[in-house]
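coords_11.cif follows; it contains mmCIF, C-alpha atoms.
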data_structure
#
loop_
_atom_site.label_atom_id
_atom_site.label_comp_id
_atom_site.auth_asym_id
_atom_site.auth_seq_id
_atom_site.Cartn_x
_atom_site.Cartn_y
_atom_site.Cartn_z
CA MET A 1 194.30 163.04 62.45
CA ASN A 2 191.30 164.13 60.37
CA LEU A 3 187.73 162.98 61.04
CA LYS A 4 187.80 160.55 58.13
CA ALA A 5 190.88 158.84 59.51
CA VAL A 6 189.39 158.71 63.00
CA ALA A 7 186.18 157.17 61.66
CA SER A 8 188.16 154.64 59.63
CA ALA A 9 190.22 153.68 62.67
CA ALA A 10 187.07 153.31 64.76
CA VAL A 11 185.47 151.06 62.17
CA SER A 12 188.61 148.92 61.98
CA THR A 13 188.73 148.62 65.76
CA LEU A 14 185.07 147.64 65.89
CA ALA A 15 185.58 145.03 63.18
CA LEU A 16 188.51 143.53 65.06
CA THR A 17 186.53 143.48 68.28
CA LEU A 18 183.57 141.78 66.64
CA ALA A 19 185.86 139.25 64.96
CA ALA A 20 187.53 138.48 68.29
CA GLN A 21 184.15 138.07 69.95
CA ALA A 22 183.03 135.70 67.19
CA GLN A 23 186.18 133.64 67.61
CA ASP A 24 185.62 133.49 71.36
CA LYS A 25 182.22 131.85 70.89
CA LEU A 26 182.32 128.13 71.58
CA GLU A 27 180.44 126.13 68.97
CA LEU A 28 177.77 123.77 70.30
CA LYS A 29 176.27 121.54 67.62
CA TYR A 30 173.39 119.76 69.37
CA THR A 31 172.23 116.81 67.24
CA VAL A 32 169.30 114.42 67.74
CA PRO A 33 167.49 111.85 65.57
CA SER A 34 164.03 112.74 66.92
CA VAL A 35 161.40 114.65 64.97
CA PRO A 36 160.61 118.36 65.57
CA THR A 37 157.24 117.63 67.18
CA ASP A 38 158.76 115.43 69.89
CA LEU A 39 159.00 117.12 73.26
CA HIS A 40 162.65 116.41 73.97
CA THR A 41 163.44 117.87 70.54
CA GLN A 42 161.57 121.02 71.50
CA ALA A 43 163.35 121.04 74.87
CA MET A 44 166.61 121.71 73.01
CA LYS A 45 165.30 125.22 72.33
CA VAL A 46 164.68 125.70 76.05
CA PHE A 47 168.28 124.66 76.66
CA ALA A 48 169.59 127.09 74.05
CA GLU A 49 167.53 130.01 75.34
CA LYS A 50 168.44 129.37 78.98
CA LEU A 51 172.15 128.98 78.21
CA GLU A 52 172.16 132.21 76.21
CA GLU A 53 170.44 133.93 79.15
CA LEU A 54 172.99 132.60 81.65
CA ALA A 55 176.08 133.03 79.44
CA PRO A 56 175.18 135.65 76.84
CA GLY A 57 177.32 135.55 73.72
CA ARG A 58 179.56 132.74 74.95
CA PHE A 59 178.15 129.91 72.79
CA ASP A 60 177.22 129.45 69.15
CA ILE A 61 174.35 127.00 69.72
CA GLN A 62 173.23 125.08 66.63
CA LEU A 63 170.25 122.72 66.89
CA TYR A 64 169.82 119.78 64.49
CA ASP A 65 166.83 117.42 64.64
CA SER A 66 165.53 114.49 62.57
CA GLY A 67 169.02 113.06 62.08
CA SER A 68 169.79 115.94 59.72
CA LEU A 69 173.38 116.20 60.97
CA PHE A 70 174.02 112.64 62.20
CA ALA A 71 171.69 109.65 61.96
CA GLN A 72 170.54 107.66 64.97
CA GLY A 73 173.45 105.57 66.18
CA ALA A 74 176.07 107.93 64.75
CA ASP A 75 175.54 110.83 67.15
CA LEU A 76 177.58 109.41 70.03
CA ASP A 77 180.49 108.66 67.69
CA ALA A 78 180.21 112.24 66.42
CA LEU A 79 180.58 113.56 69.96
CA GLN A 80 183.54 111.34 70.71
CA ARG A 81 185.28 112.40 67.48
CA GLY A 82 184.52 116.06 68.13
CA ASN A 83 182.28 116.46 65.05
CA ALA A 84 179.37 117.46 67.29
CA GLU A 85 179.33 118.70 70.86
CA MET A 86 175.97 117.65 72.32
CA THR A 87 173.28 115.01 71.98
CA TYR A 88 170.94 112.89 74.07
CA VAL A 89 172.47 109.59 75.21
CA SER A 90 170.27 106.74 76.43
CA PHE A 91 171.07 104.46 79.34
CA GLN A 92 170.81 101.62 76.85
CA LEU A 93 173.64 103.04 74.74
CA ILE A 94 175.75 103.55 77.86
CA ALA A 95 175.13 99.92 78.79
CA ASP A 96 176.45 98.82 75.41
CA ASN A 97 179.71 100.60 76.21
CA ILE A 98 179.87 99.76 79.94
CA PRO A 99 177.99 96.46 80.39
CA GLU A 100 177.68 96.56 84.20
CA TYR A 101 175.40 99.58 83.84
CA GLY A 102 172.93 97.39 82.01
CA LEU A 103 171.09 97.31 85.31
CA LEU A 104 169.91 100.87 84.58
CA THR A 105 168.10 99.58 81.48
CA ALA A 106 166.27 96.78 83.25
CA GLY A 107 162.51 96.74 82.97
CA TYR A 108 160.56 97.99 85.98
CA LEU A 109 163.67 99.36 87.78
CA PHE A 110 162.94 103.10 87.78
CA GLN A 111 159.44 104.17 88.74
CA SER A 112 159.22 107.88 87.83
CA PRO A 113 161.18 110.86 86.47
CA GLU A 114 161.90 111.86 90.07
CA HIS A 115 163.39 108.42 90.68
CA TYR A 116 165.87 108.90 87.82
CA ARG A 117 166.95 112.26 89.13
CA ALA A 118 167.27 110.97 92.70
CA PHE A 119 169.69 108.38 91.38
CA MET A 120 171.66 110.86 89.27
CA ILE A 121 172.32 113.23 92.20
CA SER A 122 173.17 110.44 94.63
CA ASP A 123 176.63 109.05 95.41
CA LEU A 124 175.85 106.17 93.06
CA GLY A 125 174.96 108.67 90.35
CA ALA A 126 178.22 110.56 90.85
CA GLU A 127 180.17 107.30 90.50
CA PHE A 128 178.18 106.41 87.39
CA LYS A 129 178.73 109.80 85.72
CA GLN A 130 182.46 109.76 86.45
CA ARG A 131 182.80 106.31 84.92
CA VAL A 132 180.88 107.44 81.81
CA SER A 133 183.18 110.45 81.52
CA ASP A 134 186.31 108.31 81.89
CA ASP A 135 185.25 105.53 79.53
CA MET A 136 183.09 107.33 76.97
CA GLY A 137 184.42 110.89 76.97
CA ILE A 138 181.09 112.59 77.70
CA GLN A 139 179.50 114.47 80.58
CA LEU A 140 175.90 113.71 81.59
CA LEU A 141 174.20 116.96 82.60
CA ASP A 142 170.67 115.84 83.50
CA THR A 143 168.12 113.15 82.67
CA CYS A 144 164.99 114.09 80.76
CA TYR A 145 161.89 111.92 81.14
CA LEU A 146 161.27 110.16 77.85
CA GLY A 147 158.07 108.56 79.02
CA THR A 148 156.79 105.22 80.19
CA ARG A 149 157.14 102.72 77.39
CA GLN A 150 154.06 100.84 76.24
CA ILE A 151 153.53 98.24 73.51
CA ASN A 152 151.83 99.36 70.30
CA LEU A 153 150.54 96.57 68.01
CA ARG A 154 149.68 96.62 64.32
CA THR A 155 146.88 94.10 64.84
CA ALA A 156 144.88 93.89 68.07
CA ARG A 157 145.25 90.72 70.13
CA ASP A 158 144.53 89.54 73.65
CA VAL A 159 147.67 90.28 75.67
CA GLN A 160 147.58 89.43 79.36
CA THR A 161 151.01 87.89 80.06
CA PRO A 162 154.41 87.76 78.31
CA GLU A 163 153.43 84.41 76.81
CA ASP A 164 150.86 86.27 74.71
CA LEU A 165 153.67 88.13 72.92
CA ALA A 166 155.37 84.95 71.74
CA GLY A 167 156.35 85.32 68.07
CA VAL A 168 155.41 89.00 67.90
CA LYS A 169 158.01 90.88 65.82
CA LEU A 170 158.44 93.82 68.16
CA ARG A 171 160.58 96.63 66.80
CA MET A 172 163.29 97.71 69.20
CA PRO A 173 166.26 100.06 68.76
CA SER A 174 169.30 98.18 67.51
CA SER A 175 171.42 98.19 70.67
CA ASP A 176 171.96 94.93 72.52
CA ALA A 177 170.36 96.27 75.71
CA TRP A 178 167.13 97.15 73.89
CA LEU A 179 166.94 93.80 72.15
CA PHE A 180 167.38 92.01 75.46
CA LEU A 181 164.45 93.98 76.91
CA GLY A 182 162.31 92.84 73.98
CA GLN A 183 163.20 89.24 74.77
CA ALA A 184 162.41 89.78 78.46
CA LEU A 185 158.94 90.95 77.46
CA GLY A 186 158.35 87.64 75.69
CA ALA A 187 158.46 89.04 72.15
CA ASN A 188 160.70 88.51 69.11
CA PRO A 189 162.71 91.76 69.12
CA THR A 190 163.44 93.14 65.67
CA PRO A 191 165.96 95.99 65.20
CA LEU A 192 164.84 98.83 62.96
CA PRO A 193 165.83 102.54 62.78
CA PHE A 194 163.21 104.85 64.22
CA GLY A 195 162.69 106.57 60.88
CA GLU A 196 161.63 103.27 59.28
CA VAL A 197 159.13 102.18 61.93
CA TYR A 198 156.02 103.80 60.38
CA LEU A 199 156.55 102.06 57.03
CA GLY A 200 157.49 98.83 58.79
CA LEU A 201 154.18 98.84 60.65
CA GLN A 202 152.27 99.81 57.54
CA ALA A 203 153.84 97.04 55.46
CA GLY A 204 153.74 94.40 58.17
CA THR A 205 157.48 93.76 58.32
CA ILE A 206 157.08 94.31 62.08
CA ASP A 207 154.06 93.49 64.24
CA GLY A 208 154.52 96.24 66.77
CA GLN A 209 156.81 98.71 68.45
CA ASP A 210 157.38 99.98 71.96
CA ASN A 211 157.61 103.66 72.83
CA PRO A 212 156.17 106.16 75.28
CA LEU A 213 152.75 107.43 74.25
CA PRO A 214 153.92 110.93 73.22
CA SER A 215 156.35 109.36 70.76
CA VAL A 216 153.53 107.24 69.32
CA GLU A 217 151.55 110.41 68.70
CA ALA A 218 154.49 112.47 67.41
CA ALA A 219 155.49 109.83 64.85
CA LYS A 220 151.81 109.09 64.01
CA PHE A 221 152.17 105.36 64.66
CA TYR A 222 148.52 105.34 65.70
CA GLU A 223 147.64 105.67 62.00
CA VAL A 224 149.05 102.20 61.24
CA THR A 225 148.30 100.30 64.47
CA GLU A 226 145.20 98.97 66.22
CA GLN A 227 146.16 98.59 69.87
CA ILE A 228 148.06 100.08 72.80
CA VAL A 229 148.94 97.59 75.55
CA LEU A 230 149.73 99.45 78.79
CA THR A 231 152.54 97.22 79.99
CA SER A 232 154.35 100.22 81.55
CA HIS A 233 157.49 98.12 81.29
CA LEU A 234 160.09 100.85 81.33
CA VAL A 235 160.09 104.33 82.82
CA ASP A 236 162.58 105.73 80.38
CA GLY A 237 164.97 108.64 80.62
CA ILE A 238 167.50 110.09 78.22
CA ASN A 239 170.58 112.05 79.22
CA VAL A 240 171.64 115.48 78.01
CA ALA A 241 175.31 114.95 77.15
CA VAL A 242 178.25 117.13 76.12
CA ASN A 243 181.63 115.82 75.07
CA ASN A 244 184.64 116.20 77.33
CA GLN A 245 186.55 118.21 74.71
CA THR A 246 183.95 120.97 75.12
CA TRP A 247 183.41 120.54 78.85
CA GLU A 248 187.09 120.93 79.64
CA GLN A 249 187.20 124.31 77.88
CA LEU A 250 184.61 125.76 80.25
CA SER A 251 185.11 127.74 83.42
CA ASP A 252 183.32 126.57 86.56
CA ASP A 253 180.69 129.27 86.04
CA GLU A 254 180.14 128.15 82.44
CA LYS A 255 179.84 124.53 83.53
CA ALA A 256 177.23 125.58 86.09
CA ALA A 257 175.37 127.56 83.43
CA MET A 258 175.33 124.64 81.00
CA THR A 259 174.12 122.27 83.72
CA GLU A 260 171.41 124.70 84.80
CA ALA A 261 170.27 125.06 81.18
CA ALA A 262 170.10 121.27 80.83
CA VAL A 263 168.04 121.01 84.02
CA ALA A 264 165.70 123.76 82.78
CA SER A 265 165.21 121.90 79.48
CA CYS A 266 164.44 118.65 81.30
CA ASP A 267 162.08 120.40 83.73
CA TRP A 268 160.14 121.76 80.74
CA ASN A 269 160.20 118.39 79.00
CA ASN A 270 159.11 116.45 82.08
CA GLU A 271 156.15 118.67 82.89
CA LYS A 272 154.92 118.50 79.29
CA ARG A 273 155.41 114.72 78.99
CA VAL A 274 153.52 113.87 82.16
CA ALA A 275 150.59 116.02 81.02
CA GLU A 276 150.72 114.48 77.55
CA GLU A 277 150.62 110.92 78.83
CA GLU A 278 147.56 111.73 80.87
CA ARG A 279 145.83 113.07 77.74
CA LEU A 280 146.86 110.46 75.18
CA VAL A 281 144.96 107.41 76.40
CA SER A 282 141.71 109.17 75.53
CA PHE A 283 143.16 110.46 72.26
CA PHE A 284 144.15 106.99 71.04
CA LYS A 285 140.72 105.63 71.90
CA GLU A 286 139.19 108.46 69.86
CA GLN A 287 141.43 107.42 66.94
CA GLY A 288 139.89 103.94 67.09
CA LEU A 289 142.66 102.08 68.88
CA GLU A 290 142.00 99.53 71.58
CA VAL A 291 143.77 100.53 74.80
CA THR A 292 144.15 97.57 77.12
CA THR A 293 145.90 96.84 80.41
CA PRO A 294 147.46 93.38 80.83
CA ASP A 295 148.44 91.61 84.03
CA VAL A 296 151.23 94.08 84.82
CA GLU A 297 152.39 92.11 87.84
CA ALA A 298 152.85 89.02 85.67
CA PHE A 299 154.94 91.09 83.26
CA ARG A 300 156.95 92.64 86.10
CA THR A 301 157.75 89.29 87.68
CA HIS A 302 158.67 87.70 84.34
CA VAL A 303 160.88 90.61 83.24
CA GLN A 304 162.74 90.95 86.54
CA ASP A 305 163.35 87.21 86.73
CA TYR A 306 164.56 87.19 83.13
CA TYR A 307 167.17 89.83 83.95
CA LEU A 308 168.24 88.44 87.31
CA ASN A 309 168.67 84.93 85.93
CA SER A 310 170.75 86.12 82.97
CA ASP A 311 174.49 86.53 82.67
CA ARG A 312 173.94 90.29 82.63
CA ALA A 313 173.06 90.49 86.30
CA ALA A 314 176.36 88.84 87.25
CA SER A 315 178.21 92.01 86.17
CA TRP A 316 175.90 94.51 87.88
CA PRO A 317 177.46 96.50 90.74
CA GLU A 318 176.67 94.73 93.98
CA GLY A 319 173.79 96.18 95.98
CA TRP A 320 172.84 98.81 93.40
CA VAL A 321 169.42 97.39 92.55
CA GLU A 322 168.39 97.43 96.22
CA LYS A 323 169.77 100.94 96.74
CA ILE A 324 168.04 102.29 93.63
CA ASN A 325 164.77 100.63 94.64
CA ALA A 326 165.06 102.35 98.04
CA MET A 327 165.44 105.77 96.38
CA ALA A 328 161.91 105.52 94.97
CA ALA A 329 160.47 105.77 98.47
CA GLU A 330 162.62 108.72 99.59
#

The structure in this file should be written as C-alpha cells.
Amino acid sequence: MNLKAVASAAVSTLALTLAAQAQDKLELKYTVPSVPTDLHTQAMKVFAEKLEELAPGRFDIQLYDSGSLFAQGADLDALQRGNAEMTYVSFQLIADNIPEYGLLTAGYLFQSPEHYRAFMISDLGAEFKQRVSDDMGIQLLDTCYLGTRQINLRTARDVQTPEDLAGVKLRMPSSDAWLFLGQALGANPTPLPFGEVYLGLQAGTIDGQDNPLPSVEAAKFYEVTEQIVLTSHLVDGINVAVNNQTWEQLSDDEKAAMTEAAVASCDWNNEKRVAEEERLVSFFKEQGLEVTTPDVEAFRTHVQDYYLNSDRAASWPEGWVEKINAMAAE
C-alpha cells in the first residue's frame, strides 16, 4: 500500500473514531428560567466544569438560562418528556405533584442550608427522593441554597404582624404551594411569572414580591420598590434534578460523578449566597430603601398555625415535622 493510501486510511479511521466518540457523548440540556446574574444560574457552569473534570468527554453539556429553552413552569414537563435532561426543581413544585410533601414548603420549617442538606442525606431524605423518582421520573442530586425569602414592597408601610399585610397584592410563583404560603403570611397572593415582576411592580399591578435578597438585586427589583421587610419566612432551597431517562443510562461511576458535580455547584452557590445576603442589607439602604424587621415571632406563630390548622397538614407524613426540626440542632 502506498503512502497516500495509508494516509487516507488513517484519516478515515480517525474520522470514524471521532464520530463514534461524538455519538457516545450523552447530551445534557440544563435549562433554567433564572437570569445570568443569579448565583444558581452561574453555579450551572461550576457543575459543567466539575462534571467534565470527573468524566472527561462523556457528556455534551448545554446550559440555557433566562427561559431561553423552556419557560418557567415548562421545564419540569420538558424533563419528563425527555426534551431536556436537567433543571432546578423547587420543593414547592414537588409538593404540587406529591401533596404530602407540602410540609417541606411550610414557612419557618428549615432554618439553614445545612438543615436542608441534613434532611436530604437522612433516611427521611432517601425516602423522599425515592418517592420523587417513582412518581415524577426525576433524580434529586443536591439542594442549593436559594436564600432566605423576605418581603419587598413597592410602597413603604408599617409592617409588624401578618395583619399589616392584609390586602397587599403579593406576587408569588403560580404553584398552589406558593400561593398558600402567601396566604399564610397574611397577604393577597397574586400569581405572576418571574419575568413580569419588574414591570408589575413598576406599574402597580402588584404591591410587592417575596424573594431572597440576592434575587432582588439580580432582577433589580430595588429600582421599583421602597422597602424590604425582613420576615425571614422561608429558608429556601432548590434541587438539582436530572430525569430518570438520563440517570438510568449512567454507570455507577458516572452517577457518582454527576452527584459530586451537583454538590460542588451547590457548595459554590451556598458560599456565595450567604456572603451576598450579609452584604445586601447595606446595599439596599444605600439605594434608598427602608429595611425593617417586623415581629418575626408573631409571623412565625401565625404561619405555623395557619399550616397546621389547614387540610394540608392532615396529609403530611406522621412525625416528619418533629424529626426535621430535630435535625437543625444536630

TODO: Rank nothing, just name the residue among A:Gly237, A:Pro173, A:Gly82, A:Gly167 nearest to A:Gly137, using only C-alpha atoms.
DONE: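 Residue with the minimum atom-to-atom distance to A:Gly137: A:Gly82.
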
Open item on the list: I want to know what sits within 10 Å of stretch 119-131 of chain A, based on only C-alpha atoms, with residues of the same chain fewer than 6 positions away left out; could you give that as a VMD selection string?
Closed with: chain A and resid 98 101 110 137 to 143 320 323 to 325 327 to 328

Open item on the list: Translate the PyMOL selection byres ((chain A and resi 95) around 10) into a concrete residue list for this structure, as a PyMOL selection string.
Closed with: chain A and resi 90-94+96-105+132+175-178

Export of the given selection (C-alpha atoms) as a compact mmCIF listing (two decimals), in the coordinates of the input:
# COMPACT_ATOMS: atom_id res chain seq x y z
CA SER A 90 170.27 106.74 76.43
CA PHE A 91 171.07 104.46 79.34
CA GLN A 92 170.81 101.62 76.85
CA LEU A 93 173.64 103.04 74.74
CA ILE A 94 175.75 103.55 77.86
CA ASP A 96 176.45 98.82 75.41
CA ASN A 97 179.71 100.60 76.21
CA ILE A 98 179.87 99.76 79.94
CA PRO A 99 177.99 96.46 80.39
CA GLU A 100 177.68 96.56 84.20
CA TYR A 101 175.40 99.58 83.84
CA GLY A 102 172.93 97.39 82.01
CA LEU A 103 171.09 97.31 85.31
CA LEU A 104 169.91 100.87 84.58
CA THR A 105 168.10 99.58 81.48
CA VAL A 132 180.88 107.44 81.81
CA SER A 175 171.42 98.19 70.67
CA ASP A 176 171.96 94.93 72.52
CA ALA A 177 170.36 96.27 75.71
CA TRP A 178 167.13 97.15 73.89

Using all atoms listed in the file, which protein or nucleic acid residues come within 9 Å of stretch 219-235 of chain A? Drop anything in the same chain fewer than 6 positions from it, and give the result as a compact mmCIF listing (two decimals) with C-alpha atoms, in the coordinates of the input.
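Once written, part_24.txt looks like this:
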# COMPACT_ATOMS: atom_id res chain seq x y z
CA VAL A 35 161.40 114.65 64.97
CA THR A 37 157.24 117.63 67.18
CA ASP A 38 158.76 115.43 69.89
CA THR A 105 168.10 99.58 81.48
CA ALA A 106 166.27 96.78 83.25
CA GLY A 107 162.51 96.74 82.97
CA TYR A 108 160.56 97.99 85.98
CA LEU A 109 163.67 99.36 87.78
CA PHE A 110 162.94 103.10 87.78
CA GLN A 111 159.44 104.17 88.74
CA SER A 112 159.22 107.88 87.83
CA PRO A 113 161.18 110.86 86.47
CA TYR A 116 165.87 108.90 87.82
CA TYR A 145 161.89 111.92 81.14
CA LEU A 146 161.27 110.16 77.85
CA GLY A 147 158.07 108.56 79.02
CA THR A 148 156.79 105.22 80.19
CA ARG A 149 157.14 102.72 77.39
CA GLN A 150 154.06 100.84 76.24
CA ILE A 151 153.53 98.24 73.51
CA ASN A 152 151.83 99.36 70.30
CA LEU A 153 150.54 96.57 68.01
CA ARG A 154 149.68 96.62 64.32
CA THR A 155 146.88 94.10 64.84
CA ALA A 156 144.88 93.89 68.07
CA ARG A 157 145.25 90.72 70.13
CA VAL A 159 147.67 90.28 75.67
CA LEU A 185 158.94 90.95 77.46
CA GLY A 195 162.69 106.57 60.88
CA VAL A 197 159.13 102.18 61.93
CA TYR A 198 156.02 103.80 60.38
CA LEU A 199 156.55 102.06 57.03
CA LEU A 201 154.18 98.84 60.65
CA GLN A 202 152.27 99.81 57.54
CA ASP A 207 154.06 93.49 64.24
CA GLY A 208 154.52 96.24 66.77
CA GLN A 209 156.81 98.71 68.45
CA PRO A 212 156.17 106.16 75.28
CA LEU A 213 152.75 107.43 74.25
CA VAL A 281 144.96 107.41 76.40
CA PHE A 284 144.15 106.99 71.04
CA GLN A 287 141.43 107.42 66.94
CA GLY A 288 139.89 103.94 67.09
CA LEU A 289 142.66 102.08 68.88
CA GLU A 290 142.00 99.53 71.58
CA VAL A 291 143.77 100.53 74.80
CA THR A 292 144.15 97.57 77.12
CA THR A 293 145.90 96.84 80.41
CA PRO A 294 147.46 93.38 80.83
CA ASP A 295 148.44 91.61 84.03
CA VAL A 296 151.23 94.08 84.82
CA PHE A 299 154.94 91.09 83.26
CA ARG A 300 156.95 92.64 86.10
CA VAL A 303 160.88 90.61 83.24

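From atom CA of A:Asn270 back to atom CA of A:Asn239, the distance works out to 12.6 Å.
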
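You will find atom CA of A:Leu308 at 12.4 Å from atom CA of A:Leu181.
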